[in-house]
$ cat start-v6.txt   # compact mmCIF, C-alpha atoms
# COMPACT_ATOMS: atom_id res chain seq x y z
CA MET X 1 48.84 -20.76 -131.23
CA SER X 2 49.91 -18.92 -128.08
CA HIS X 3 53.45 -19.20 -126.69
CA ARG X 4 54.54 -22.80 -126.37
CA LYS X 5 56.28 -24.45 -123.46
CA PHE X 6 58.80 -26.43 -125.58
CA GLU X 7 60.26 -25.72 -128.99
CA HIS X 8 58.87 -27.65 -131.90
CA PRO X 9 60.79 -27.82 -135.20
CA ARG X 10 58.57 -28.30 -138.23
CA HIS X 11 58.08 -31.71 -139.81
CA GLY X 12 59.38 -32.20 -143.36
CA SER X 13 61.46 -29.87 -145.50
CA LEU X 14 59.84 -27.07 -147.49
CA GLY X 15 62.88 -27.05 -149.79
CA PHE X 16 61.39 -29.81 -151.91
CA LEU X 17 57.98 -28.25 -152.57
CA PRO X 18 55.88 -28.88 -154.60
CA ARG X 19 55.77 -32.58 -153.78
CA LYS X 20 54.19 -33.74 -156.98
CA ARG X 21 54.87 -36.38 -159.63
CA SER X 22 57.97 -35.64 -161.67
CA SER X 23 57.33 -34.42 -165.22
CA ARG X 24 60.28 -36.49 -166.50
CA HIS X 25 61.17 -40.15 -166.00
CA ARG X 26 64.90 -39.77 -166.67
CA GLY X 27 66.91 -37.62 -164.28
CA LYS X 28 67.83 -34.25 -165.80
CA VAL X 29 71.29 -32.77 -165.27
CA LYS X 30 70.51 -29.19 -164.27
CA ALA X 31 74.18 -28.19 -163.87
CA PHE X 32 77.29 -29.67 -165.46
CA PRO X 33 80.77 -29.35 -163.87
CA LYS X 34 82.70 -26.13 -164.52
CA ASP X 35 84.68 -26.17 -167.76
CA ASP X 36 88.49 -26.06 -167.71
CA PRO X 37 89.89 -25.39 -171.24
CA SER X 38 93.44 -26.34 -170.17
CA LYS X 39 92.46 -30.05 -169.83
CA PRO X 40 91.80 -32.44 -172.75
CA PRO X 41 88.13 -32.83 -173.86
CA ARG X 42 86.07 -35.37 -171.93
CA LEU X 43 82.45 -36.27 -171.21
CA THR X 44 80.90 -35.38 -167.86
CA ALA X 45 77.87 -37.69 -167.45
CA PHE X 46 76.53 -41.16 -168.22
CA LEU X 47 73.32 -43.21 -167.98
CA GLY X 48 72.84 -46.48 -166.13
CA TYR X 49 70.10 -48.79 -164.91
CA LYS X 50 69.67 -49.73 -161.27
CA ALA X 51 70.03 -53.50 -160.80
CA GLY X 52 69.91 -53.94 -157.03
CA MET X 53 71.93 -54.01 -153.83
CA THR X 54 74.36 -56.30 -152.03
CA HIS X 55 77.03 -55.85 -149.37
CA ILE X 56 80.82 -55.88 -149.27
CA VAL X 57 83.54 -56.25 -146.66
CA ARG X 58 86.60 -53.99 -146.76
CA ASP X 59 89.41 -52.68 -144.58
CA VAL X 60 89.03 -49.07 -143.45
CA GLU X 61 92.01 -46.76 -144.06
CA LYS X 62 91.33 -43.83 -141.74
CA PRO X 63 94.21 -42.97 -139.33
CA GLY X 64 92.91 -41.74 -135.97
CA SER X 65 89.56 -43.51 -136.31
CA LYS X 66 88.57 -46.48 -134.14
CA LEU X 67 87.83 -48.39 -137.35
CA HIS X 68 91.35 -47.81 -138.75
CA LYS X 69 92.81 -51.07 -140.17
CA LYS X 70 89.63 -52.93 -139.17
CA GLU X 71 87.06 -54.62 -141.37
CA THR X 72 83.71 -52.99 -142.07
CA CYS X 73 80.60 -54.28 -143.83
CA GLU X 74 78.86 -51.79 -146.13
CA ALA X 75 75.81 -51.79 -148.39
CA VAL X 76 76.46 -51.13 -152.08
CA SER X 77 74.27 -50.60 -155.15
CA ILE X 78 74.96 -52.14 -158.55
CA ILE X 79 74.13 -49.94 -161.56
CA GLU X 80 74.40 -51.57 -164.98
CA THR X 81 76.03 -49.23 -167.50
CA PRO X 82 76.39 -50.63 -171.04
CA PRO X 83 78.40 -48.39 -173.42
CA MET X 84 76.48 -45.36 -174.76
CA VAL X 85 76.37 -44.47 -178.46
CA VAL X 86 76.99 -40.88 -179.63
CA VAL X 87 74.53 -39.85 -182.34
CA GLY X 88 74.77 -36.06 -182.44
CA VAL X 89 76.28 -32.81 -181.28
CA VAL X 90 74.56 -29.63 -180.05
CA GLY X 91 76.09 -26.17 -179.80
CA TYR X 92 74.85 -23.44 -177.44
CA ILE X 93 75.40 -19.67 -177.35
CA LYS X 94 75.39 -17.72 -174.11
CA THR X 95 72.70 -15.01 -174.02
CA PRO X 96 71.56 -12.68 -171.22
CA HIS X 97 68.66 -15.11 -170.65
CA GLY X 98 70.81 -18.26 -170.43
CA LEU X 99 71.92 -20.71 -173.11
CA ARG X 100 70.30 -20.77 -176.54
CA THR X 101 70.63 -23.64 -179.01
CA LEU X 102 72.71 -22.66 -182.02
CA ASN X 103 72.68 -25.87 -183.99
CA THR X 104 72.11 -29.64 -183.75
CA ILE X 105 73.92 -32.09 -186.04
CA PHE X 106 72.91 -35.75 -186.10
CA ALA X 107 74.97 -38.73 -187.26
CA GLN X 108 74.17 -40.46 -190.53
CA HIS X 109 73.12 -43.86 -189.13
CA LEU X 110 70.83 -44.10 -186.11
CA SER X 111 69.92 -47.48 -184.65
CA GLU X 112 66.31 -48.59 -184.33
CA GLU X 113 66.31 -48.29 -180.53
CA VAL X 114 67.05 -44.56 -180.62
CA ARG X 115 64.65 -43.91 -183.52
CA ARG X 116 61.90 -45.41 -181.35
CA ARG X 117 62.48 -42.50 -178.93
CA PHE X 118 61.09 -40.07 -181.56
CA TYR X 119 57.75 -41.92 -181.76
CA LYS X 120 54.88 -42.41 -179.34
CA ASN X 121 53.85 -45.61 -181.12
CA TRP X 122 56.63 -47.24 -183.16
CA PHE X 123 54.49 -50.23 -184.09
CA LYS X 124 51.85 -48.16 -185.91
CA SER X 125 54.27 -45.63 -187.40
CA LYS X 126 55.84 -45.62 -190.88
CA LYS X 127 59.31 -45.73 -189.20
CA ARG X 128 60.58 -42.97 -191.48
CA ALA X 129 62.48 -40.91 -188.88
CA PHE X 130 65.88 -39.70 -190.13
CA THR X 131 65.60 -41.49 -193.52
CA LYS X 132 65.83 -38.22 -195.50
CA HIS X 133 68.67 -37.05 -193.24
CA SER X 134 70.76 -40.19 -193.84
CA MET X 135 70.13 -39.98 -197.62
CA LYS X 136 71.24 -36.34 -197.53
CA CYS X 137 74.44 -37.36 -195.71
CA GLU X 138 75.29 -39.68 -198.66
CA THR X 139 75.48 -36.83 -201.18
CA GLU X 140 78.46 -34.51 -201.65
CA GLU X 141 76.23 -31.52 -200.99
CA GLY X 142 75.07 -33.02 -197.68
CA LYS X 143 78.64 -33.71 -196.55
CA LYS X 144 79.62 -30.12 -197.36
CA ASP X 145 76.57 -28.87 -195.45
CA ILE X 146 77.56 -30.86 -192.33
CA GLN X 147 81.11 -29.49 -192.50
CA LYS X 148 79.67 -25.99 -192.86
CA GLN X 149 77.50 -26.52 -189.75
CA LEU X 150 80.49 -27.86 -187.79
CA GLU X 151 82.50 -24.76 -188.74
CA LYS X 152 79.57 -22.62 -187.58
CA LEU X 153 79.65 -24.41 -184.20
CA LYS X 154 83.41 -23.87 -183.90
CA LYS X 155 83.03 -20.19 -184.67
CA TYR X 156 80.03 -19.19 -182.53
CA ALA X 157 79.23 -21.87 -179.90
CA SER X 158 80.28 -21.38 -176.30
CA VAL X 159 79.02 -24.74 -174.92
CA VAL X 160 79.23 -28.07 -176.76
CA ARG X 161 77.20 -31.14 -175.79
CA VAL X 162 76.95 -34.56 -177.43
CA LEU X 163 73.69 -36.46 -177.91
CA ALA X 164 74.20 -40.00 -176.66
CA HIS X 165 71.78 -42.87 -176.14
CA THR X 166 71.83 -46.06 -174.07
CA GLN X 167 71.85 -49.53 -175.61
CA VAL X 168 68.71 -50.73 -173.92
CA ARG X 169 68.72 -54.02 -175.88
CA LYS X 170 71.90 -55.09 -174.08
CA ILE X 171 70.12 -55.01 -170.73
CA LYS X 172 68.49 -58.34 -170.08
CA GLY X 173 66.54 -57.10 -167.04
CA LEU X 174 64.49 -54.62 -169.13
CA LYS X 175 61.68 -55.37 -171.55
CA GLN X 176 61.93 -51.85 -172.94
CA LYS X 177 63.14 -51.40 -176.53
CA LYS X 178 63.19 -47.60 -176.61
CA ALA X 179 66.60 -46.13 -175.80
CA HIS X 180 67.10 -43.21 -173.41
CA LEU X 181 68.65 -40.21 -175.14
CA MET X 182 70.48 -37.43 -173.30
CA GLU X 183 72.77 -34.46 -173.82
CA ILE X 184 76.19 -34.82 -172.21
CA GLN X 185 78.41 -31.76 -171.91
CA VAL X 186 81.95 -31.91 -173.30
CA ASN X 187 84.39 -30.22 -170.90
CA GLY X 188 88.05 -29.36 -171.56
CA GLY X 189 89.89 -28.04 -174.64
CA THR X 190 88.96 -25.20 -176.99
CA ILE X 191 85.58 -25.07 -178.73
CA ALA X 192 87.13 -26.41 -181.97
CA GLN X 193 88.69 -29.33 -180.07
CA LYS X 194 85.36 -30.04 -178.37
CA VAL X 195 83.50 -30.13 -181.69
CA ASP X 196 86.15 -32.40 -183.27
CA PHE X 197 86.07 -34.64 -180.18
CA ALA X 198 82.26 -34.95 -180.40
CA TYR X 199 82.25 -35.47 -184.20
CA GLY X 200 85.00 -38.10 -183.88
CA PHE X 201 82.73 -40.17 -181.61
CA PHE X 202 79.74 -40.19 -184.01
CA GLU X 203 78.17 -43.69 -184.17
CA LYS X 204 80.84 -44.99 -181.77
CA GLN X 205 80.40 -46.51 -178.33
CA ILE X 206 81.65 -44.82 -175.18
CA PRO X 207 82.32 -47.15 -172.23
CA ILE X 208 81.74 -46.16 -168.60
CA ASP X 209 85.46 -46.10 -167.78
CA ALA X 210 85.97 -43.27 -170.30
CA VAL X 211 83.88 -41.05 -167.98
CA PHE X 212 84.39 -42.39 -164.43
CA GLN X 213 87.22 -44.02 -162.48
CA LYS X 214 87.28 -46.18 -159.36
CA ASP X 215 87.31 -44.28 -156.03
CA GLU X 216 85.77 -41.20 -157.69
CA MET X 217 82.90 -39.29 -156.05
CA ILE X 218 79.90 -38.87 -158.36
CA ASP X 219 76.38 -37.45 -158.20
CA ILE X 220 73.31 -39.54 -159.01
CA ILE X 221 70.26 -37.90 -160.51
CA GLY X 222 66.99 -39.73 -160.90
CA VAL X 223 63.34 -40.06 -160.03
CA THR X 224 62.50 -41.72 -156.73
CA LYS X 225 60.25 -44.72 -156.16
CA GLY X 226 56.60 -43.74 -156.53
CA LYS X 227 54.30 -44.39 -153.56
CA GLY X 228 51.07 -42.86 -154.81
CA TYR X 229 48.67 -40.78 -152.68
CA GLU X 230 49.61 -40.90 -149.00
CA GLY X 231 48.46 -39.30 -145.76
CA VAL X 232 50.21 -36.64 -143.68
CA VAL X 233 51.81 -38.99 -141.15
CA THR X 234 53.70 -40.93 -143.84
CA ARG X 235 54.22 -38.02 -146.21
CA TRP X 236 55.41 -35.38 -143.75
CA GLY X 237 56.18 -37.37 -140.60
CA VAL X 238 53.82 -35.39 -138.37
CA THR X 239 52.80 -36.89 -135.02
CA ARG X 240 49.73 -39.09 -134.76
CA LEU X 241 46.92 -37.70 -132.63
CA PRO X 242 45.88 -39.45 -129.38
CA ARG X 243 43.99 -42.73 -129.63
CA LYS X 244 40.69 -41.23 -128.39
CA THR X 245 40.49 -38.69 -131.22
CA HIS X 246 37.14 -38.45 -133.02
CA ARG X 247 37.17 -38.92 -136.83
CA GLY X 248 40.63 -40.42 -137.25
CA LEU X 249 44.01 -39.82 -135.75
CA ARG X 250 46.51 -39.83 -138.65
CA LYS X 251 45.77 -36.16 -139.30
CA VAL X 252 46.92 -32.61 -138.63
CA ALA X 253 44.58 -31.23 -135.97
CA CYS X 254 44.84 -27.52 -136.78
CA ILE X 255 45.51 -26.55 -140.37
CA GLY X 256 45.76 -22.85 -139.62
CA ALA X 257 44.15 -19.85 -137.91
CA TRP X 258 40.71 -18.44 -138.79
CA HIS X 259 42.37 -15.49 -140.50
CA PRO X 260 44.00 -15.38 -143.04
CA ALA X 261 41.08 -17.46 -144.28
CA ARG X 262 43.28 -19.69 -146.43
CA VAL X 263 45.38 -22.77 -145.79
CA SER X 264 49.06 -21.84 -145.84
CA TYR X 265 51.42 -23.79 -148.12
CA THR X 266 53.59 -24.62 -145.08
CA VAL X 267 50.90 -26.82 -143.51
CA ALA X 268 51.39 -30.58 -144.03
CA ARG X 269 48.62 -32.09 -146.18
CA ALA X 270 48.00 -35.49 -147.76
CA GLY X 271 48.97 -36.02 -151.40
CA GLN X 272 51.46 -37.57 -153.81
CA ASN X 273 54.50 -39.19 -152.21
CA GLY X 274 57.48 -40.44 -154.19
CA TYR X 275 58.25 -40.22 -157.92
CA HIS X 276 60.06 -36.94 -157.27
CA HIS X 277 63.15 -35.73 -159.14
CA ARG X 278 66.18 -35.83 -156.84
CA THR X 279 69.95 -35.30 -157.05
CA GLU X 280 72.10 -37.22 -154.59
CA MET X 281 75.63 -35.91 -154.18
CA ASN X 282 78.93 -37.61 -153.37
CA LYS X 283 78.41 -41.32 -153.96
CA LYS X 284 81.74 -43.14 -154.01
CA ILE X 285 82.51 -45.64 -156.79
CA TYR X 286 83.79 -48.83 -155.15
CA LYS X 287 84.27 -50.82 -158.33
CA LEU X 288 84.00 -50.64 -162.13
CA GLY X 289 83.11 -53.94 -163.81
CA LYS X 290 84.15 -54.48 -167.43
CA VAL X 291 82.69 -57.33 -169.52
CA GLY X 292 85.16 -60.14 -170.23
CA ASP X 293 87.53 -58.88 -167.54
CA GLU X 294 88.16 -60.16 -164.01
CA SER X 295 86.74 -56.87 -162.73
CA HIS X 296 83.26 -58.02 -163.89
CA THR X 297 83.32 -60.98 -161.48
CA ALA X 298 82.92 -60.79 -157.71
CA MET X 299 86.47 -62.04 -157.11
CA THR X 300 88.78 -60.01 -154.89
CA GLU X 301 92.43 -60.34 -153.79
CA TYR X 302 91.34 -62.14 -150.63
CA ASP X 303 88.38 -64.12 -151.96
CA ARG X 304 89.36 -66.09 -155.08
CA THR X 305 86.03 -67.90 -155.45
CA GLU X 306 85.04 -67.80 -159.11
CA LYS X 307 81.62 -66.16 -159.00
CA ASP X 308 79.76 -63.53 -160.98
CA VAL X 309 78.59 -60.29 -159.36
CA THR X 310 74.94 -61.33 -159.84
CA PRO X 311 73.62 -63.07 -156.71
CA ILE X 312 72.24 -66.62 -156.82
CA GLY X 313 68.89 -66.49 -158.59
CA GLY X 314 69.60 -63.01 -160.03
CA PHE X 315 68.82 -59.59 -158.64
CA PRO X 316 65.14 -59.61 -157.55
CA HIS X 317 62.89 -57.79 -160.06
CA TYR X 318 65.88 -57.31 -162.39
CA GLY X 319 67.77 -60.44 -163.42
CA VAL X 320 71.37 -60.96 -164.43
CA VAL X 321 73.97 -58.21 -164.89
CA LYS X 322 75.59 -59.18 -168.21
CA ASP X 323 77.18 -55.86 -169.19
CA ASP X 324 79.53 -53.29 -167.63
CA TYR X 325 78.47 -52.05 -164.21
CA ILE X 326 79.52 -49.69 -161.44
CA MET X 327 79.29 -50.41 -157.74
CA ILE X 328 78.56 -47.40 -155.56
CA LYS X 329 78.44 -47.06 -151.79
CA GLY X 330 74.98 -46.97 -150.23
CA GLY X 331 71.59 -46.73 -151.88
CA CYS X 332 70.41 -44.99 -155.03
CA VAL X 333 67.13 -43.34 -156.05
CA GLY X 334 64.36 -45.22 -157.77
CA PRO X 335 63.16 -48.82 -157.99
CA LYS X 336 64.94 -51.63 -159.85
CA LYS X 337 65.30 -51.07 -163.63
CA ARG X 338 64.95 -47.28 -163.21
CA VAL X 339 67.24 -45.25 -165.46
CA VAL X 340 69.61 -43.07 -163.42
CA THR X 341 71.92 -40.28 -164.58
CA LEU X 342 75.48 -40.38 -163.27
CA ARG X 343 77.31 -37.05 -163.25
CA GLN X 344 80.82 -36.03 -162.33
CA SER X 345 81.01 -34.06 -159.08
CA LEU X 346 80.60 -30.28 -159.37
CA LEU X 347 83.15 -29.63 -156.62
CA LYS X 348 86.77 -30.54 -156.12
CA GLN X 349 86.78 -33.38 -153.61
CA THR X 350 89.24 -32.95 -150.74
CA SER X 351 87.77 -34.89 -147.80
CA ARG X 352 89.40 -38.04 -146.42
CA VAL X 353 86.41 -40.14 -147.40
CA ALA X 354 86.63 -38.94 -151.01
CA LEU X 355 90.36 -39.56 -151.33
CA GLU X 356 90.44 -42.93 -149.57
CA GLU X 357 91.45 -45.86 -151.78
CA ILE X 358 88.98 -48.72 -151.49
CA LYS X 359 90.26 -52.30 -151.30
CA LEU X 360 87.39 -54.77 -151.35
CA LYS X 361 87.92 -58.03 -149.47
CA PHE X 362 84.62 -59.75 -150.17
CA ILE X 363 81.50 -59.17 -152.29
CA ASP X 364 78.35 -60.98 -151.18
CA THR X 365 76.58 -63.02 -153.89
CA SER X 366 74.17 -65.01 -151.72
CA SER X 367 70.53 -65.05 -152.80
CA LYS X 368 68.72 -61.77 -152.23
CA PHE X 369 65.40 -63.61 -152.25
CA GLY X 370 65.11 -65.33 -148.88
CA HIS X 371 67.82 -65.84 -146.30
CA GLY X 372 70.75 -66.48 -148.68
CA ARG X 373 73.01 -69.07 -147.06
CA PHE X 374 75.28 -69.89 -150.00
CA GLN X 375 77.62 -67.76 -152.12
CA THR X 376 77.58 -70.01 -155.21
CA THR X 377 75.35 -72.75 -156.63
CA GLN X 378 78.28 -75.23 -156.36
CA GLU X 379 78.49 -74.52 -152.62
CA LYS X 380 74.76 -75.15 -152.29
CA GLN X 381 74.93 -78.45 -154.21
CA LYS X 382 77.91 -79.57 -152.12
CA PHE X 383 75.99 -78.86 -148.91
CA TYR X 384 72.79 -80.64 -149.96
CA GLY X 385 74.46 -83.53 -151.80
CA ARG X 386 72.46 -85.54 -154.33
CA LEU X 387 68.77 -84.85 -154.03
CA LYS X 388 66.20 -87.62 -154.57
CA ALA X 389 64.74 -87.72 -158.03

$ encode --input "start-v6.txt" --output "C-alpha cells"
Amino acid sequence: MSHRKFEHPRHGSLGFLPRKRSSRHRGKVKAFPKDDPSKPPRLTAFLGYKAGMTHIVRDVEKPGSKLHKKETCEAVSIIETPPMVVVGVVGYIKTPHGLRTLNTIFAQHLSEEVRRRFYKNWFKSKKRAFTKHSMKCETEEGKKDIQKQLEKLKKYASVVRVLAHTQVRKIKGLKQKKAHLMEIQVNGGTIAQKVDFAYGFFEKQIPIDAVFQKDEMIDIIGVTKGKGYEGVVTRWGVTRLPRKTHRGLRKVACIGAWHPARVSYTVARAGQNGYHHRTEMNKKIYKLGKVGDESHTAMTEYDRTEKDVTPIGGFPHYGVVKDDYIMIKGGCVGPKKRVVTLRQSLLKQTSRVALEEIKLKFIDTSSKFGHGRFQTTQEKQKFYGRLKA
C-alpha cells in the first residue's frame, strides 16, 4: 500500500491470538490474588454454573451524576453456585522456573461424582479409583503417613491450595454427573495455619458466602460460546467489499504484498470463532442467594411479592435455580449451563462503582421465553380468569 489519505486502525485485536478452540472446558485461574499472611486463611475462588439473565431496577447512589438518586434498569446474570466439597490439599515449592508440586494429600472418602472425573468412561470401568487409598487411611500406619505428609507440607511448602469439586447432582439444569474439580489457593495466615485450615475442611462443604460477599468486585473466567468456523467479516469485523465484486464480497481483498512471499499473521483470515478462554474483570455482585433464606427469593424491600428468582417457565435452556446463586451485573462468558470460575479481584478496588452499596428495588421474573407480561403465575391466572375446559 502507498500512503493513504485517511487513517485506518486495524480490525480486531491481536492480543487474543491464536483464535482457536480452547484446550480446556473449565476456566483456568492463571493468577491468584496476592497473599497477605497477616489476615486469617480464606479461599480465593469458586465454581458456578451459568443459569441465565434477567433485569433489575435500583436507585443509583452517585453524587454529582445526573442519575444520582434516580432509578436505573440494569441487566444481570444469575450463576448457580451450590456448595463445593474439599477433597484434598496440594503444596507447592517456589523454584527458579516457577512453582513445583511438593505433595498432594486426598481425603479418605470421595463421592461418586468426583471419582467419575478420573475416568473417561465410568460405565465400563471397574470403579476402583481411590479404594486402596481409603483402605490405607483406615489403618494406623496410613493415618501416621498422612500426618507425616502434612508436616512435610508445613515445613517446605510456600503455596497451599485445596482441591475442591462442585456438587453437580444438585444442579437440576444439568444432565452431567461428573463433577468439576479445581485447585483453589488458600490466602492468609502462616503455612502451618493454611495446611490446618485446608485439612480441617476435608470432606466438608464450603458455601459461596464463605468466599464472596455482596457488593464485591470479582473476576469471571470461562470459555466463551462456540460459533464454529466463521468468515473474516464476522470473525474480525473487516469491511465488506463493494456489491459488484467478483467471487464474493465478504473477504479481505489484499492479504499481503508479493514479498515477503508469505501471509503475515496480522492479516484477518477465516477460521474458528468462539470457544476461547477469557477472563472478565470487575463484575459486581448484586446479590447472594442462600437456599431456605429470603435472599434466595426475588423479594426486595420495595417489592414484597412472594416469588422465586427463577422466571416463569424457568430459565430457557437451563431450568429452575434450586440452590445458592449469585447475581452479577451484566453478562458472563459462555452459554447456559457452562461452568464458570469466579475469582476474587487481584487488585484493591477503590473506584466509586466498586464501593457503591447496591439496593435492589425490583427483580424481574417474567417469562424469558416470549414477551413476558406477568411476574408470577398467580398474576397470570388472575388476568385470564377461568379458562374453558

$ closest_residue --input "start-v6.txt" --among "X:Ser22, X:Ser77, X:Asn273, X:Gln205" --to "Val233 of chain X" --atoms "all atoms listed in the file"
X:Asn273

$ residues_near_point --input "start-v6.txt" --point "(86.4, -70.9, -156.6)" --cutoff "10 Å" --atoms "all atoms listed in the file" --output "list in words"
Met299, Asp303, Arg304, Thr305, Glu306, Lys307, Thr376, Gln378 and Glu379 of chain X

$ write_last_selection --input "start-v6.txt" --atoms "C-alpha atoms" --output "mmCIF file, in the coordinates of the input"
data_model
loop_
_atom_site.group_PDB
_atom_site.id
_atom_site.type_symbol
_atom_site.label_atom_id
_atom_site.label_comp_id
_atom_site.auth_asym_id
_atom_site.auth_seq_id
_atom_site.Cartn_x
_atom_site.Cartn_y
_atom_site.Cartn_z
ATOM 1 C CA MET X 299 86.470 -62.040 -157.110
ATOM 2 C CA ASP X 303 88.380 -64.120 -151.960
ATOM 3 C CA ARG X 304 89.360 -66.090 -155.080
ATOM 4 C CA THR X 305 86.030 -67.900 -155.450
ATOM 5 C CA GLU X 306 85.040 -67.800 -159.110
ATOM 6 C CA LYS X 307 81.620 -66.160 -159.000
ATOM 7 C CA THR X 376 77.580 -70.010 -155.210
ATOM 8 C CA GLN X 378 78.280 -75.230 -156.360
ATOM 9 C CA GLU X 379 78.490 -74.520 -152.620
#

$ residues_around --input "start-v6.txt" --residues "segment 53-61 of chain X" --least-positions-apart "6" --cutoff "6 Å" --atoms "only C-alpha atoms" --output "PDB file with C-alpha atoms, keeping the file's coordinate frame"
ATOM      1  CA  HIS X  68      91.350 -47.810-138.750  1.00  0.00           C
ATOM      2  CA  LYS X  69      92.810 -51.070-140.170  1.00  0.00           C
ATOM      3  CA  LYS X  70      89.630 -52.930-139.170  1.00  0.00           C
ATOM      4  CA  GLU X  71      87.060 -54.620-141.370  1.00  0.00           C
ATOM      5  CA  THR X  72      83.710 -52.990-142.070  1.00  0.00           C
ATOM      6  CA  CYS X  73      80.600 -54.280-143.830  1.00  0.00           C
ATOM      7  CA  GLU X  74      78.860 -51.790-146.130  1.00  0.00           C
ATOM      8  CA  ALA X  75      75.810 -51.790-148.390  1.00  0.00           C
ATOM      9  CA  VAL X  76      76.460 -51.130-152.080  1.00  0.00           C
ATOM     10  CA  SER X  77      74.270 -50.600-155.150  1.00  0.00           C
ATOM     11  CA  ILE X  78      74.960 -52.140-158.550  1.00  0.00           C
ATOM     12  CA  LEU X 360      87.390 -54.770-151.350  1.00  0.00           C
ATOM     13  CA  LYS X 361      87.920 -58.030-149.470  1.00  0.00           C
ATOM     14  CA  PHE X 362      84.620 -59.750-150.170  1.00  0.00           C
ATOM     15  CA  ILE X 363      81.500 -59.170-152.290  1.00  0.00           C
ATOM     16  CA  ASP X 364      78.350 -60.980-151.180  1.00  0.00           C
TER      17      ASP X 364
END

$ atom_distance --input "start-v6.txt" --atom1 "atom CA of Ala31 of chain X" --atom2 "atom CA of Gln176 of chain X"
28.1 Å

$ atom_distance --input "start-v6.txt" --atom1 "atom CA of His317 of chain X" --atom2 "atom CA of Gly52 of chain X"
8.6 Å

$ closest_residue --input "start-v6.txt" --among "X:Tyr302, X:Tyr156, X:Tyr49, X:Trp236" --to "Gly27 of chain X" --atoms "only C-alpha atoms"
X:Tyr49
